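Asker: I'd like to ask you about the structure that follows.
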Amino acid sequence: MSSVIETRDVSKHYGEGDTLVKALDRVSLGIAPGEFTAIVGPSGSGKSTLLQLMGGLDNPTHGQVHLANKDITQMSGRELSDFRRDHIGFIFQAYNLIPVLTAAENCEYIMLLQGVPEAERRERVYAMLERVGLAGREGRFPHQLSGGQQQRVAVARAMVSRPNIILADEPTANLDSQTGSDLLDMMHDLNRNEGMTFVFSTHDPMIMERASRLIRLKDGCIDSESEREA
Amino acid sequence: MGLTGRLAIRNLARNRRRTLLTAMIISLSLTALMFTDALIQGMTDTMVRSATRLYSGDAQIHHRDFLARQDESRVIDDPQAVLEQLAREPEVAGFAARTLAFGMVSSAANNRAVQVVGIDPEAEAGVSKIAGAMIAGDYLSEAGPVTQLLIGDRLAELLEADLGDRIVVSVNNQLSEAAEQQLFRVSGIFHLNARAMDENLAFIRLPEAQSMMGLDGAVHEIAFNMTSASLATDTSLGLWQRLSNDRWVAQGWTELMPQLATMLQLTNSSTIIAGIVLFILAGLGVINGLFMSIYERTYEFGVLLAIGTRRRQLFKLIMTEGLILALGAIVIGLILGVLLITWSASVGIDYGSMEVSGVALAEIIRPQHRFMQYSALPFWVLIMTLVACIYPAIHAARIVPAKALHKSL
């Protein structure tokens with residue numbers, strides 16, 4: 001099966017000479033459509049850096065990142081912005097909703113950038129918020145929601161624009177275990193029912209338990225890979 | 001309203017105190033600029049009025065060589081024709097003929113060199129403020145005795161003279177080329193609130209002055225006021241040509257008092273410099289306020305960029321915030337400016353007869369409203385704010401998402 005995302009010999013180095021740090025060193029991997037993948041490893045192993053490069057948030061020192069068969073390392077800033085907008089959904093550890101926008105507006109924002117008509121935007125936002133269990137809370141601002149609810153809005157925001165892949169960085173790190181588990185179940189359902197591709201960077205055993213594929217990083221290199229029935 | 005506008009307004013409302021402080025920097029700068037302009041206008045007007053309407057008039061007509069040579073033989077020998085022409089000019093509000101002579105006034109106690117001015121009392125009252133500046137005795141009158149003499153309070157002090165005291169006035173007679181002396185009595189003492197005038201001018205009636213100087217009906221100067229003081233600076237008016245010929249010339253106060261015109265130009269330059277300094281300070285305040293806001297939201301900008309916001313859209317967001325901030329602040333600044341100028345104009349600012357460039361600010365200064373205070377100044381404050389926003393907006397647009405999201409993705 002062709003990969004929805006592929007890294008080829010990707011390296012990311014910081015500093016130079018004696019202070020050179022190889023955050024990633026020649027990492028090659030492919031993520032197939034519909035995978036529920038967890039990138040795991042100790043702190044400093046390069047998980048977040050790999051996710052950043054996959055999402056086009058930073059450029060690799062060496063190598064290529066192909067997303068939907070396009071080399072995103074060769075894209076201009078504007079092309080990359082549009083590509084992220086249309087093909088990638090992000091879920092952050094600290095929710096990172098825009099505090100001055102309501103839950104619905106946070107979800108609507110990307111579609112607004114995409115130029116989706118207002119009526120369709122509204123319909124999709126309300127449907128998605130209902131899907132993540134936030135019906136009736138569309139008009140609330142982030143500070144009026146609990147941590148779990150905020151992360152649900154973040155998931156809804158990431159998915160409502162119908163991206164090819166969702167990159168999630170430690171999405172359960174700030175949640176209690178029950179809320180985290182519920183959220184993961186919800187994402188797992190979306191993965192299974194809608195075929196949405198998820199890539200996590202995590203330490204959380206709950207994510208590892210649910211992941212169909214585990215990629216272990218160590219010192220910026222792939223240490224091991226395993227696939228299993230989720 | 002678009003999402004950018006909503007985002008901008010809500011972002012500004014997030015930290016109301018900071019937004020208010022930044023807005024106040026802009027507002028108060030605009031108010032200060034408006035008030036400075038109003039004050040300078042008021043002061044300029046007062047200075048020009050003090051310099052012209054106090055005694056000299058908005059404009060004067062002399063023999064072409066009189067001012068350059070200070071030669072008392074250079075006269076306007078047919079003043080009636082000029083006076084009739086002045087009466088026909090619609091821009092002329094009042095005019096008065098004068099004779100001017102350097103002479104000597106002697107009291108029992110002292111003597112002093114002064115300028116002896118012969119005036120037509122009634123006509124003079126329509127040009128200068130002497131009639132209204134009497135502090136003792138009476139203004140000159142046609143019906144009174146020929147020995148009437150007006151002197152300033154400082155001259156009276158120097159001569160140790162009082163009302164009714166005898167004063168001998170000596171001038172040169174142009175016909176006999178000999179000194180001509182005549183006895184006068186102090187009939188009035190004036191206070192023009194300008195040291196040079198209160199100390200060095202003595203007024204007698206025009207016919208007596210002409211007789212003493214042997215001028216045979218001629219005069220040295222015809223002073224006139226315009227319907228509006230600003231007309232005197234308008235060199236395109238036809239009256240300058242109509243009132244001038246190959247023997248005499250009509251000149252406005254800017255030509256007669258070039259030092260005052262230069263000083264006023266310097267004042268304008270100073271206002272512009274003060275305005276630029278204010279602009280720079282306000283601009284730095286805006287940059288500081290916006291930068292604080294941007295640093296606080298770096299993480300958020302990282303998120304916006306990560307989810308597909310173009311850098312240009314982020315730039316537009318910051319500029320929109322700046323625009324809304326500026327418009328709000330300008331409204332506040334305009335209101336404060338109107339109130340401050342109106343209030344200060346109603347109570348006036350008393351400079352206590354301070355002299356600037358030899359001109360006594362005899363009147364209370366009243367700041368003046370001008371259209372440019374409500375058009376050009378707010379416009380430039382808006383431009384200044386937007387220019388000040390460009391740097392923070394570029395900074396925000398250049399944020400690297402990976403660095404901004406360092407703690408997370």
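Simple scheme: letters A, B, ... for chains in structure tokens order, numbers from 1 for residues in each chain, numbers from 1 for ligands in the order shown.
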Dump as a Markdown table the rows for residues of chain A within 9 Å of chain B: closest atom pair and distance in Å with one decimal, only C-alpha atoms counted, ordered by chain and rising residue number.
Answerer:
```
| residue | atom | partner | partner_atom | distance |
| --- | --- | --- | --- | --- |
| A:Ser48 | CA | B:Leu409 | CA | 5.5 |
| A:Thr49 | CA | B:Leu409 | CA | 7.6 |
| A:Leu51 | CA | B:Leu409 | CA | 6.9 |
| A:Gln52 | CA | B:Leu409 | CA | 6.2 |
| A:Leu53 | CA | B:Ala402 | CA | 8.9 |
| A:Gly55 | CA | B:Ala306 | CA | 8.1 |
| A:Gly56 | CA | B:Ala306 | CA | 8.4 |
| A:Leu57 | CA | B:Ala402 | CA | 5.2 |
| A:Asp58 | CA | B:Ala402 | CA | 5.8 |
| A:Gly77 | CA | B:Arg310 | CA | 8.1 |
| A:Arg78 | CA | B:Arg310 | CA | 6.2 |
| A:Leu80 | CA | B:Gly308 | CA | 8.0 |
| A:Ser81 | CA | B:Gly308 | CA | 4.6 |
| A:Asp82 | CA | B:Gly308 | CA | 5.7 |
| A:Phe83 | CA | B:Gly308 | CA | 7.3 |
| A:Arg84 | CA | B:Gly308 | CA | 5.2 |
| A:Arg85 | CA | B:Gly308 | CA | 3.9 |
| A:Asp86 | CA | B:Gly308 | CA | 7.7 |
| A:Ile88 | CA | B:Ile307 | CA | 7.6 |
| A:Gly89 | CA | B:Ile307 | CA | 6.9 |
| A:Phe90 | CA | B:Ile307 | CA | 6.8 |
| A:Ile91 | CA | B:Leu409 | CA | 8.6 |
| A:Phe92 | CA | B:Ser408 | CA | 6.2 |
| A:Gln93 | CA | B:Ser408 | CA | 5.6 |
| A:Ala94 | CA | B:Ser408 | CA | 7.0 |
| A:Asn96 | CA | B:Val303 | CA | 6.8 |
| A:Leu97 | CA | B:Glu300 | CA | 7.9 |
| A:Ile98 | CA | B:Glu300 | CA | 6.6 |
| A:Pro99 | CA | B:Glu300 | CA | 8.7 |
| A:Val100 | CA | B:Arg10 | CA | 5.8 |
| A:Leu101 | CA | B:Leu7 | CA | 7.3 |
| A:Glu105 | CA | B:Leu3 | CA | 8.7 |
| A:Tyr109 | CA | B:Leu3 | CA | 7.9 |
| A:Ile110 | CA | B:Ile307 | CA | 6.9 |
| A:Leu112 | CA | B:Leu3 | CA | 8.3 |
| A:Leu113 | CA | B:Thr309 | CA | 7.0 |
| A:Gln114 | CA | B:Gly308 | CA | 8.9 |
| A:Ala158 | CA | B:Ile307 | CA | 8.3 |
| A:Leu167 | CA | B:Leu409 | CA | 9.0 |
| A:Ala168 | CA | B:Leu409 | CA | 8.0 |
| A:Asp169 | CA | B:Leu409 | CA | 5.6 |
| A:Glu170 | CA | B:Ser408 | CA | 7.8 |
| A:Ser201 | CA | B:Leu409 | CA | 8.8 |
```
Asker: What's around Ile189 (chain B) at 8 Å? Count only C-alpha atoms, leave out sequence neighbours fewer than 5 positions away in its own chain, and write the answer as a PDB file with all heavy atoms, in the first residue's frame.
Answerer:
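Once written, around.pdb looks like this:
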```
ATOM      1  N   MET B 134      -5.484 104.424  27.123  1.00  0.00           N
ATOM      2  CA  MET B 134      -5.266 105.570  28.035  1.00  0.00           C
ATOM      3  C   MET B 134      -5.469 105.129  29.481  1.00  0.00           C
ATOM      4  O   MET B 134      -6.466 104.510  29.821  1.00  0.00           O
ATOM      5  CB  MET B 134      -6.254 106.694  27.705  1.00  0.00           C
ATOM      6  CG  MET B 134      -6.221 107.194  26.259  1.00  0.00           C
ATOM      7  SD  MET B 134      -4.589 107.660  25.690  1.00  0.00           S
ATOM      8  CE  MET B 134      -4.226 108.982  26.819  1.00  0.00           C
ATOM      9  N   ILE B 135      -4.482 105.464  30.321  1.00  0.00           N
ATOM     10  CA  ILE B 135      -4.619 105.127  31.741  1.00  0.00           C
ATOM     11  C   ILE B 135      -4.784 106.389  32.600  1.00  0.00           C
ATOM     12  O   ILE B 135      -5.106 106.327  33.770  1.00  0.00           O
ATOM     13  CB  ILE B 135      -3.415 104.308  32.246  1.00  0.00           C
ATOM     14  CG1 ILE B 135      -2.083 105.028  31.967  1.00  0.00           C
ATOM     15  CG2 ILE B 135      -3.408 102.913  31.638  1.00  0.00           C
ATOM     16  CD1 ILE B 135      -0.888 104.369  32.664  1.00  0.00           C
ATOM     17  N   ALA B 136      -4.529 107.519  31.955  1.00  0.00           N
ATOM     18  CA  ALA B 136      -4.745 108.781  32.674  1.00  0.00           C
ATOM     19  C   ALA B 136      -5.021 109.863  31.639  1.00  0.00           C
ATOM     20  O   ALA B 136      -4.475 109.828  30.534  1.00  0.00           O
ATOM     21  CB  ALA B 136      -3.513 109.150  33.508  1.00  0.00           C
ATOM     22  N   GLY B 137      -5.853 110.807  31.984  1.00  0.00           N
ATOM     23  CA  GLY B 137      -6.162 111.881  31.069  1.00  0.00           C
ATOM     24  C   GLY B 137      -7.034 111.421  29.919  1.00  0.00           C
ATOM     25  O   GLY B 137      -7.695 110.378  29.996  1.00  0.00           O
ATOM     26  N   ASP B 138      -6.990 112.176  28.816  1.00  0.00           N
ATOM     27  CA  ASP B 138      -7.864 111.879  27.684  1.00  0.00           C
ATOM     28  C   ASP B 138      -7.048 111.662  26.418  1.00  0.00           C
ATOM     29  O   ASP B 138      -5.934 112.167  26.270  1.00  0.00           O
ATOM     30  CB  ASP B 138      -8.835 113.039  27.449  1.00  0.00           C
ATOM     31  CG  ASP B 138      -9.741 113.272  28.648  1.00  0.00           C
ATOM     32  OD1 ASP B 138     -10.299 112.267  29.150  1.00  0.00           O
ATOM     33  OD2 ASP B 138      -9.858 114.432  29.098  1.00  0.00           O
ATOM     34  N   LEU B 150       0.204 113.190  24.037  1.00  0.00           N
ATOM     35  CA  LEU B 150       0.060 111.881  24.705  1.00  0.00           C
ATOM     36  C   LEU B 150       1.448 111.264  24.868  1.00  0.00           C
ATOM     37  O   LEU B 150       2.230 111.238  23.897  1.00  0.00           O
ATOM     38  CB  LEU B 150      -0.794 110.923  23.870  1.00  0.00           C
ATOM     39  CG  LEU B 150      -2.230 111.340  23.515  1.00  0.00           C
ATOM     40  CD1 LEU B 150      -2.907 110.186  22.757  1.00  0.00           C
ATOM     41  CD2 LEU B 150      -3.014 111.666  24.777  1.00  0.00           C
ATOM     42  N   ILE B 151       1.728 110.770  26.037  1.00  0.00           N
ATOM     43  CA  ILE B 151       2.996 110.045  26.232  1.00  0.00           C
ATOM     44  C   ILE B 151       2.698 108.725  26.954  1.00  0.00           C
ATOM     45  O   ILE B 151       1.676 108.590  27.620  1.00  0.00           O
ATOM     46  CB  ILE B 151       4.034 110.875  27.054  1.00  0.00           C
ATOM     47  CG1 ILE B 151       3.442 111.292  28.406  1.00  0.00           C
ATOM     48  CG2 ILE B 151       4.540 112.054  26.256  1.00  0.00           C
ATOM     49  CD1 ILE B 151       4.454 111.981  29.315  1.00  0.00           C
ATOM     50  N   GLY B 152       3.630 107.794  26.825  1.00  0.00           N
ATOM     51  CA  GLY B 152       3.472 106.504  27.493  1.00  0.00           C
ATOM     52  C   GLY B 152       3.795 106.614  28.969  1.00  0.00           C
ATOM     53  O   GLY B 152       4.465 107.560  29.403  1.00  0.00           O
ATOM     54  N   ASP B 153       3.332 105.672  29.748  1.00  0.00           N
ATOM     55  CA  ASP B 153       3.540 105.745  31.202  1.00  0.00           C
ATOM     56  C   ASP B 153       5.029 105.652  31.562  1.00  0.00           C
ATOM     57  O   ASP B 153       5.496 106.299  32.492  1.00  0.00           O
ATOM     58  CB  ASP B 153       2.724 104.667  31.929  1.00  0.00           C
ATOM     59  CG  ASP B 153       2.989 103.272  31.429  1.00  0.00           C
ATOM     60  OD1 ASP B 153       3.631 103.120  30.369  1.00  0.00           O
ATOM     61  OD2 ASP B 153       2.547 102.307  32.088  1.00  0.00           O
ATOM     62  N   ALA B 156       6.548 108.986  30.822  1.00  0.00           N
ATOM     63  CA  ALA B 156       6.128 109.927  31.870  1.00  0.00           C
ATOM     64  C   ALA B 156       6.986 109.751  33.119  1.00  0.00           C
ATOM     65  O   ALA B 156       7.385 110.726  33.776  1.00  0.00           O
ATOM     66  CB  ALA B 156       4.656 109.701  32.204  1.00  0.00           C
ATOM     67  N   LEU B 163       0.028 114.447  34.307  1.00  0.00           N
ATOM     68  CA  LEU B 163      -1.010 115.115  33.525  1.00  0.00           C
ATOM     69  C   LEU B 163      -0.961 116.630  33.755  1.00  0.00           C
ATOM     70  O   LEU B 163      -0.829 117.088  34.896  1.00  0.00           O
ATOM     71  CB  LEU B 163      -2.396 114.615  33.935  1.00  0.00           C
ATOM     72  CG  LEU B 163      -2.852 113.277  33.368  1.00  0.00           C
ATOM     73  CD1 LEU B 163      -4.229 112.927  33.927  1.00  0.00           C
ATOM     74  CD2 LEU B 163      -2.890 113.309  31.857  1.00  0.00           C
TER      75      LEU B 163
END
```
Asker: So the first atom is CA of Ile130 (chain B) and the second is CA of Glu89 (chain B); what is the distance between them in Å, to one decimal place?
Answerer: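 These two atoms are separated by 24.2 Å.
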Asker: CA of Asp350 (chain B) and CA of Ala131 (chain B), how far apart in Å?
Answerer: 22.8 Å
Asker: Could you list, as a PyMOL selection string, every residue within 12 Å of Val155 (chain A), counting only C-alpha atoms and ignoring same-chain residues fewer than 4 positions away?
Answerer: chain A and resi 89-93+95-97+103+106-107+125+128-129+131-134+148-151+159-163+166-169+171-172+183-184+186-188+190+196+198
Asker: So which residues touch Cys389 (chain B) within 12 Å, counting only C-alpha atoms, skipping near sequence neighbours fewer than 2 positions away, as an MDAnalysis selection string?
Answerer: chainID B and resid 22 282:291 293:294 315:326 382:387 391:396
Asker: Go through B:Met197, B:Leu264, B:Val92, B:Leu336 and flag the residue nearest Ala232 (chain B), using only C-alpha atoms for the distances.
Answerer: B:Val92
Asker: Within 12 Å of region 361-372 of chain B, which residues of region 131-193 of chain B come that close, and what is the closest atom pair and distance in Å for each? Count only C-alpha atoms and give it as CSV.
Answerer:
```
residue,atom,partner,partner_atom,distance
B:Ala133,CA,B:Ala362,CA,11.3
B:His191,CA,B:Ala362,CA,10.7
B:Leu192,CA,B:Ala362,CA,8.0
B:Asn193,CA,B:Ala362,CA,6.2
```
Asker: Those same residues, written as a CSV table (one decimal), in the first residue's frame with N, CA, C and O atoms?
Answerer:
```csv
chain,number,residue,atom,x,y,z
B,133,ALA,N,-5.9,102.7,25.2
B,133,ALA,CA,-4.8,102.3,26.1
B,133,ALA,C,-4.6,103.5,27.1
B,133,ALA,O,-3.6,103.4,27.8
B,191,HIS,N,-0.8,103.3,28.2
B,191,HIS,CA,0.0,102.1,28.5
B,191,HIS,C,-0.4,101.0,27.4
B,191,HIS,O,-1.4,100.4,27.5
B,192,LEU,N,0.5,100.9,26.4
B,192,LEU,CA,0.3,99.9,25.4
B,192,LEU,C,0.8,98.5,25.7
B,192,LEU,O,0.7,97.6,25.0
B,193,ASN,N,1.4,98.5,26.9
B,193,ASN,CA,2.0,97.2,27.4
B,193,ASN,C,3.1,96.7,26.5
B,193,ASN,O,3.3,95.5,26.4
```
